[in-house]
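Read the structure below first, then the notes.
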Amino acid sequence: MKKFPKHLTDAAFTVFLLAACFALCLLIQTVCGAHTLIPAIFILGTFLTALATNGYLYGILSALASVFIFEFVFELPYFSLYFTITDNLVTSVIMIVIACMTCTLTTKIKKQETLKSQSEMEKMRADLLRAVSHDLRTPLTTIYGASSAMLEAGDRLSAAQKQKMLQSIREDAAWLTRMVENLLSITRLDDTNVKIIKTSTVLDEFLDAALIKFHKRYPEQEVAVELPDEFITIGMDALLIEQVVINILENAVCHAKGMSILSLKVSVLSGKAVFEISDNGCGIEKERLKTLFTGYYQTENLPPDSRRSNAGIGLSVCAAIIRAHGGTITARNLESGGALFCFTLNTEETADEQ
């Protein structure tokens with residue numbers, strides 16, 4: 001849906017509220033003959049305009065317009081302006097003062113909210129940087145140590161030892177590649193001007209492509225897939241949503257100790273495609289559930305294999321991607337054991353209606 005500029009929205013709201021106040025005052029005066037309530041109604045309209053719009057302009061314009069309408073239409077002599085009358089002058093000043101005070105207060109509140117949001121964002125970035133720096137240390141150390149040993153030991157290493165070191169280097173390099181992909185996604189989605197380009201994507205074809213990529217990384221891990229019978233198309237950035245599916249599946253492989261079943265189920269509910277990825281592993285620690293999608297979980301006390309899985313960064317990327325698509329993402333432990341990750345996307349029909 002196309003968004004109108006903020007100043008046009010504010011102008012339309014101001015005009016609408018003035019018209020509503022005028023109609024209400026006219027109704028009260030015609031039906032009830034009550035005149036004393038009219039200034040209060042215009043003052044309320046001025047207050048609401050100043051509260052709902054940005055800056056001072058529309059609140060003050062509303063106050064001036066209210067004064068003009070009140071003096072011209074509802075004050076004796078009708079259809080004339082007599083600001084020299086004390087009551088009229090006092091009422092006009094009160095309206096303008098209320099508008100200025102309300103605009104000042106709301107502007108200060110909005111500035112404080114902006115500063116608070118920026119402060120929280122800086123803290124999140126700092127925490128993310130610390131987490132990334134810590135997680136990068138282990139694979140880089142492994143790559144450096146293995147390559148140095150091969151260069152220094154030379155022919156003294158057996159073929160099996162060389163093969164093992166090369167395998168370790170390749171795995172850590174692949175992990176670093178995925179880390180960089182995740183960080184690039186975070187950087188891209190952190191831009192407030194970013195626009196997700198959605199294309200019509202067939203659900204079955206999309207999942208086939210995602211699972212092929214996953215099986216290239218984990219050829220021995222089976223994934224039980226359950227899809228709806230009907231033909232489903234979803235407006236999405238297919239590469240980004242593929243990353244979500246792969247990150248969550250990879251998180252289960254790396255963290256769900258004792259897992260023997262990994263499943264992916266898609267259903268349609270109220271115009272939304274519901275993706276559920278579950279396992280029967282060890283579940284998720286309660287403390288970690290609170291910050292699972294932020295990427296700021298403390299990893300210092302985790303074993304090396306857990307740190308290398310990059311679950312925190314990967315899941316924070318998932319959350320950012322799903323939010324950018326207008327969906328939701330959650331995680332919880334299953335009563336039968338294991339964890340369930342669930343995210344939703346609007347189907348193409350729902351997106352068209354919106």
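Identifiers for the structure tokens are assigned positionally: chains receive A, B, ... in sequence, residues are indexed from 1 per chain, and ligands are indexed from 1 in the order shown.
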Leaving out Thr142 in chain A and any residue of its chain fewer than 6 positions from it, which residues lie within 12 Å of it when counting only C-alpha atoms, given as an NGL selection string?
-> :A and (136 or 148-149 or 165-173 or 175-176 or 304 or 308)
Take the residues from that selection and put them in a file with N, CA, C and O atoms, as an mmCIF file, in the first residue's frame.
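Final output, saved to selection36.cif:
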```cif
data_model
loop_
_atom_site.group_PDB
_atom_site.id
_atom_site.type_symbol
_atom_site.label_atom_id
_atom_site.label_comp_id
_atom_site.auth_asym_id
_atom_site.auth_seq_id
_atom_site.Cartn_x
_atom_site.Cartn_y
_atom_site.Cartn_z
ATOM 1 N N LEU A 136 34.031 -14.722 15.872
ATOM 2 C CA LEU A 136 34.989 -14.820 14.766
ATOM 3 C C LEU A 136 36.343 -15.353 15.224
ATOM 4 O O LEU A 136 37.101 -15.920 14.425
ATOM 5 N N SER A 148 49.380 -22.755 9.464
ATOM 6 C CA SER A 148 50.750 -22.588 9.950
ATOM 7 C C SER A 148 51.420 -23.947 10.175
ATOM 8 O O SER A 148 52.591 -24.138 9.835
ATOM 9 N N ALA A 149 50.656 -24.882 10.745
ATOM 10 C CA ALA A 149 51.211 -26.222 10.976
ATOM 11 C C ALA A 149 51.583 -26.902 9.663
ATOM 12 O O ALA A 149 52.632 -27.551 9.562
ATOM 13 N N MET A 165 43.422 -31.450 8.454
ATOM 14 C CA MET A 165 43.618 -30.006 8.600
ATOM 15 C C MET A 165 42.924 -29.232 7.487
ATOM 16 O O MET A 165 42.294 -28.194 7.725
ATOM 17 N N LEU A 166 43.029 -29.738 6.268
ATOM 18 C CA LEU A 166 42.371 -29.078 5.148
ATOM 19 C C LEU A 166 40.846 -29.089 5.314
ATOM 20 O O LEU A 166 40.163 -28.125 4.987
ATOM 21 N N GLN A 167 40.331 -30.209 5.829
ATOM 22 C CA GLN A 167 38.895 -30.302 6.081
ATOM 23 C C GLN A 167 38.460 -29.276 7.117
ATOM 24 O O GLN A 167 37.423 -28.613 6.976
ATOM 25 N N SER A 168 39.279 -29.124 8.174
ATOM 26 C CA SER A 168 38.974 -28.146 9.220
ATOM 27 C C SER A 168 39.005 -26.730 8.659
ATOM 28 O O SER A 168 38.122 -25.902 8.973
ATOM 29 N N ILE A 169 40.000 -26.445 7.817
ATOM 30 C CA ILE A 169 40.099 -25.109 7.211
ATOM 31 C C ILE A 169 38.886 -24.833 6.332
ATOM 32 O O ILE A 169 38.302 -23.745 6.368
ATOM 33 N N ARG A 170 38.474 -25.826 5.539
ATOM 34 C CA ARG A 170 37.331 -25.635 4.660
ATOM 35 C C ARG A 170 36.044 -25.400 5.449
ATOM 36 O O ARG A 170 35.234 -24.524 5.111
ATOM 37 N N GLU A 171 35.832 -26.164 6.518
ATOM 38 C CA GLU A 171 34.625 -25.997 7.330
ATOM 39 C C GLU A 171 34.572 -24.615 7.972
ATOM 40 O O GLU A 171 33.531 -23.962 7.986
ATOM 41 N N ASP A 172 35.720 -24.189 8.533
ATOM 42 C CA ASP A 172 35.735 -22.872 9.175
ATOM 43 C C ASP A 172 35.587 -21.752 8.158
ATOM 44 O O ASP A 172 34.944 -20.724 8.440
ATOM 45 N N ALA A 173 36.163 -21.906 6.963
ATOM 46 C CA ALA A 173 36.008 -20.897 5.921
ATOM 47 C C ALA A 173 34.552 -20.815 5.475
ATOM 48 O O ALA A 173 34.020 -19.713 5.246
ATOM 49 N N TRP A 175 31.981 -21.564 7.336
ATOM 50 C CA TRP A 175 31.262 -20.912 8.440
ATOM 51 C C TRP A 175 31.436 -19.398 8.378
ATOM 52 O O TRP A 175 30.479 -18.639 8.557
ATOM 53 N N LEU A 176 32.673 -18.935 8.107
ATOM 54 C CA LEU A 176 32.920 -17.499 8.015
ATOM 55 C C LEU A 176 32.140 -16.881 6.860
ATOM 56 O O LEU A 176 31.654 -15.750 6.960
ATOM 57 N N PRO A 304 32.867 -24.625 22.501
ATOM 58 C CA PRO A 304 33.298 -24.089 21.216
ATOM 59 C C PRO A 304 32.373 -24.429 20.071
ATOM 60 O O PRO A 304 32.096 -23.591 19.230
ATOM 61 N N ARG A 308 30.513 -21.719 17.554
ATOM 62 C CA ARG A 308 30.781 -21.694 16.129
ATOM 63 C C ARG A 308 29.526 -21.832 15.297
ATOM 64 O O ARG A 308 29.529 -21.514 14.112
#
```
Can you tell me which residues surround Thr347 in chain A at a distance of at most 10 Å, considering only C-alpha atoms, apart from same-chain residues fewer than 5 positions away, and format the answer as an mmCIF file with N, CA, C and O atoms, in the first residue's frame?
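Result went into result.cif, see below:
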```cif
data_model
loop_
_atom_site.group_PDB
_atom_site.id
_atom_site.type_symbol
_atom_site.label_atom_id
_atom_site.label_comp_id
_atom_site.auth_asym_id
_atom_site.auth_seq_id
_atom_site.Cartn_x
_atom_site.Cartn_y
_atom_site.Cartn_z
ATOM 1 N N SER A 200 6.390 -12.881 -6.920
ATOM 2 C CA SER A 200 5.476 -14.007 -6.738
ATOM 3 C C SER A 200 6.270 -15.308 -6.761
ATOM 4 O O SER A 200 6.930 -15.633 -7.742
ATOM 5 N N THR A 201 6.213 -16.068 -5.671
ATOM 6 C CA THR A 201 7.018 -17.278 -5.516
ATOM 7 C C THR A 201 6.120 -18.457 -5.180
ATOM 8 O O THR A 201 5.303 -18.381 -4.261
ATOM 9 N N LEU A 203 5.339 -21.823 -3.485
ATOM 10 C CA LEU A 203 5.831 -22.394 -2.232
ATOM 11 C C LEU A 203 6.653 -23.661 -2.455
ATOM 12 O O LEU A 203 7.758 -23.785 -1.919
ATOM 13 N N ILE A 232 0.048 -22.677 -3.549
ATOM 14 C CA ILE A 232 0.296 -21.492 -2.734
ATOM 15 C C ILE A 232 1.371 -20.632 -3.384
ATOM 16 O O ILE A 232 2.440 -21.137 -3.754
ATOM 17 N N THR A 233 1.082 -19.354 -3.530
ATOM 18 C CA THR A 233 2.100 -18.397 -3.969
ATOM 19 C C THR A 233 2.238 -17.312 -2.909
ATOM 20 O O THR A 233 1.257 -16.869 -2.307
ATOM 21 N N ILE A 234 3.476 -16.877 -2.694
ATOM 22 C CA ILE A 234 3.778 -15.896 -1.649
ATOM 23 C C ILE A 234 4.629 -14.794 -2.258
ATOM 24 O O ILE A 234 5.586 -15.071 -2.992
ATOM 25 N N GLY A 235 4.286 -13.550 -1.955
ATOM 26 C CA GLY A 235 5.128 -12.432 -2.359
ATOM 27 C C GLY A 235 6.284 -12.284 -1.396
ATOM 28 O O GLY A 235 6.073 -11.987 -0.222
ATOM 29 N N MET A 236 7.509 -12.502 -1.881
ATOM 30 C CA MET A 236 8.669 -12.474 -0.983
ATOM 31 C C MET A 236 9.948 -12.207 -1.764
ATOM 32 O O MET A 236 9.985 -12.313 -2.998
ATOM 33 N N VAL A 268 -1.714 -22.947 5.811
ATOM 34 C CA VAL A 268 -2.297 -21.636 5.508
ATOM 35 C C VAL A 268 -3.419 -21.372 6.494
ATOM 36 O O VAL A 268 -4.319 -22.198 6.666
ATOM 37 N N LEU A 269 -3.337 -20.219 7.160
ATOM 38 C CA LEU A 269 -4.331 -19.862 8.167
ATOM 39 C C LEU A 269 -4.651 -18.380 8.045
ATOM 40 O O LEU A 269 -3.753 -17.535 8.165
ATOM 41 N N SER A 270 -5.906 -18.068 7.782
ATOM 42 C CA SER A 270 -6.377 -16.680 7.685
ATOM 43 C C SER A 270 -5.539 -15.849 6.713
ATOM 44 O O SER A 270 -5.134 -14.719 7.014
ATOM 45 N N GLY A 271 -5.252 -16.424 5.568
ATOM 46 C CA GLY A 271 -4.517 -15.690 4.543
ATOM 47 C C GLY A 271 -3.033 -15.580 4.791
ATOM 48 O O GLY A 271 -2.341 -14.816 4.110
ATOM 49 N N LYS A 272 -2.509 -16.327 5.743
ATOM 50 C CA LYS A 272 -1.084 -16.301 6.034
ATOM 51 C C LYS A 272 -0.492 -17.698 5.874
ATOM 52 O O LYS A 272 -1.110 -18.686 6.274
ATOM 53 N N ALA A 273 0.713 -17.746 5.312
ATOM 54 C CA ALA A 273 1.457 -18.997 5.246
ATOM 55 C C ALA A 273 2.238 -19.149 6.548
ATOM 56 O O ALA A 273 3.034 -18.277 6.911
ATOM 57 N N VAL A 274 1.984 -20.234 7.258
ATOM 58 C CA VAL A 274 2.604 -20.472 8.563
ATOM 59 C C VAL A 274 3.681 -21.544 8.397
ATOM 60 O O VAL A 274 3.387 -22.695 8.072
ATOM 61 N N ASP A 352 -2.472 -8.779 -1.993
ATOM 62 C CA ASP A 352 -3.241 -8.047 -2.973
ATOM 63 C C ASP A 352 -4.391 -7.276 -2.322
ATOM 64 O O ASP A 352 -4.685 -6.131 -2.665
#
```
Using only C-alpha atoms, determine which residues lie at most 9 Å from Ile41 in chain A, disregarding the query and same-chain residues fewer than 6 positions distant; provide the list as number ranges by chain.
-> A: 21-22, 24-25
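When the distance limit is 10 Å and only C-alpha atoms are what count, the residues near Ala252 in chain A, minus those fewer than 2 positions from it on the same chain, are Ile246, Asn247, Ile248, Leu249, Glu250, Cys254, His255, Ala256, Lys257, Met259, Leu262, Ile277, Ser278, Asp279, Asn280, Gly281, Cys282, Gly283, Ser309, Ala311, Gly338, Ala339, Leu340 and Phe341 of chain A.
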I need the chosen residues saved as a compact mmCIF listing (two decimals), in the first residue's frame, with C-alpha atoms.
```txt
# COMPACT_ATOMS: atom_id res chain seq x y z
CA ILE A 246 18.35 -22.52 6.20
CA ASN A 247 19.41 -20.61 9.33
CA ILE A 248 16.66 -22.17 11.44
CA LEU A 249 17.36 -25.68 10.10
CA GLU A 250 21.08 -25.16 10.68
CA CYS A 254 24.06 -27.47 15.58
CA HIS A 255 22.18 -27.02 18.85
CA ALA A 256 19.46 -29.65 19.22
CA LYS A 257 21.46 -32.32 21.00
CA MET A 259 17.81 -34.79 17.78
CA LEU A 262 13.77 -32.53 12.04
CA ILE A 277 10.28 -25.95 11.90
CA SER A 278 10.53 -28.37 14.82
CA ASP A 279 12.89 -30.95 16.27
CA ASN A 280 12.89 -33.46 19.10
CA GLY A 281 16.21 -32.41 20.58
CA CYS A 282 17.15 -30.88 23.91
CA GLY A 283 15.10 -27.70 23.54
CA SER A 309 27.24 -22.47 15.10
CA ALA A 311 22.91 -19.31 16.10
CA GLY A 338 12.56 -30.19 21.39
CA ALA A 339 11.89 -26.75 19.99
CA LEU A 340 9.48 -25.19 17.53
CA PHE A 341 10.26 -22.15 15.40
```
Produce a table with one row for each residue of range 101-184 of chain A that has an atom at most 7 Å from any atom of range 44-67 of chain A, each row naming the nearest atom pair and its distance in Å at one decimal; use only C-alpha atoms; arrange rows by chain and rising residue number; format as a tab-separated table.
```
residue	atom	partner	partner_atom	distance
A:Thr102	CA	A:Ala50	CA	5.9
A:Cys103	CA	A:Ala50	CA	5.2
A:Thr106	CA	A:Leu51	CA	6.1
A:Thr107	CA	A:Gly55	CA	6.1
```
Distance CA of Gly327 in chain A-CA of Gln243 in chain A, one decimal place?
-> 15.1 Å
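Picture a line from CA of His325 in chain A to CA of Ile196 in chain A; it runs 7.0 Å.
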Counting only C-alpha atoms, the option among A:Cys342, A:Ala40, A:Ala224, A:Val90 closest to Thr328 in chain A | A:Cys342
d(CA of Thr344 in chain A, CA of Gly326 in chain A) in Å = 8.7 Å
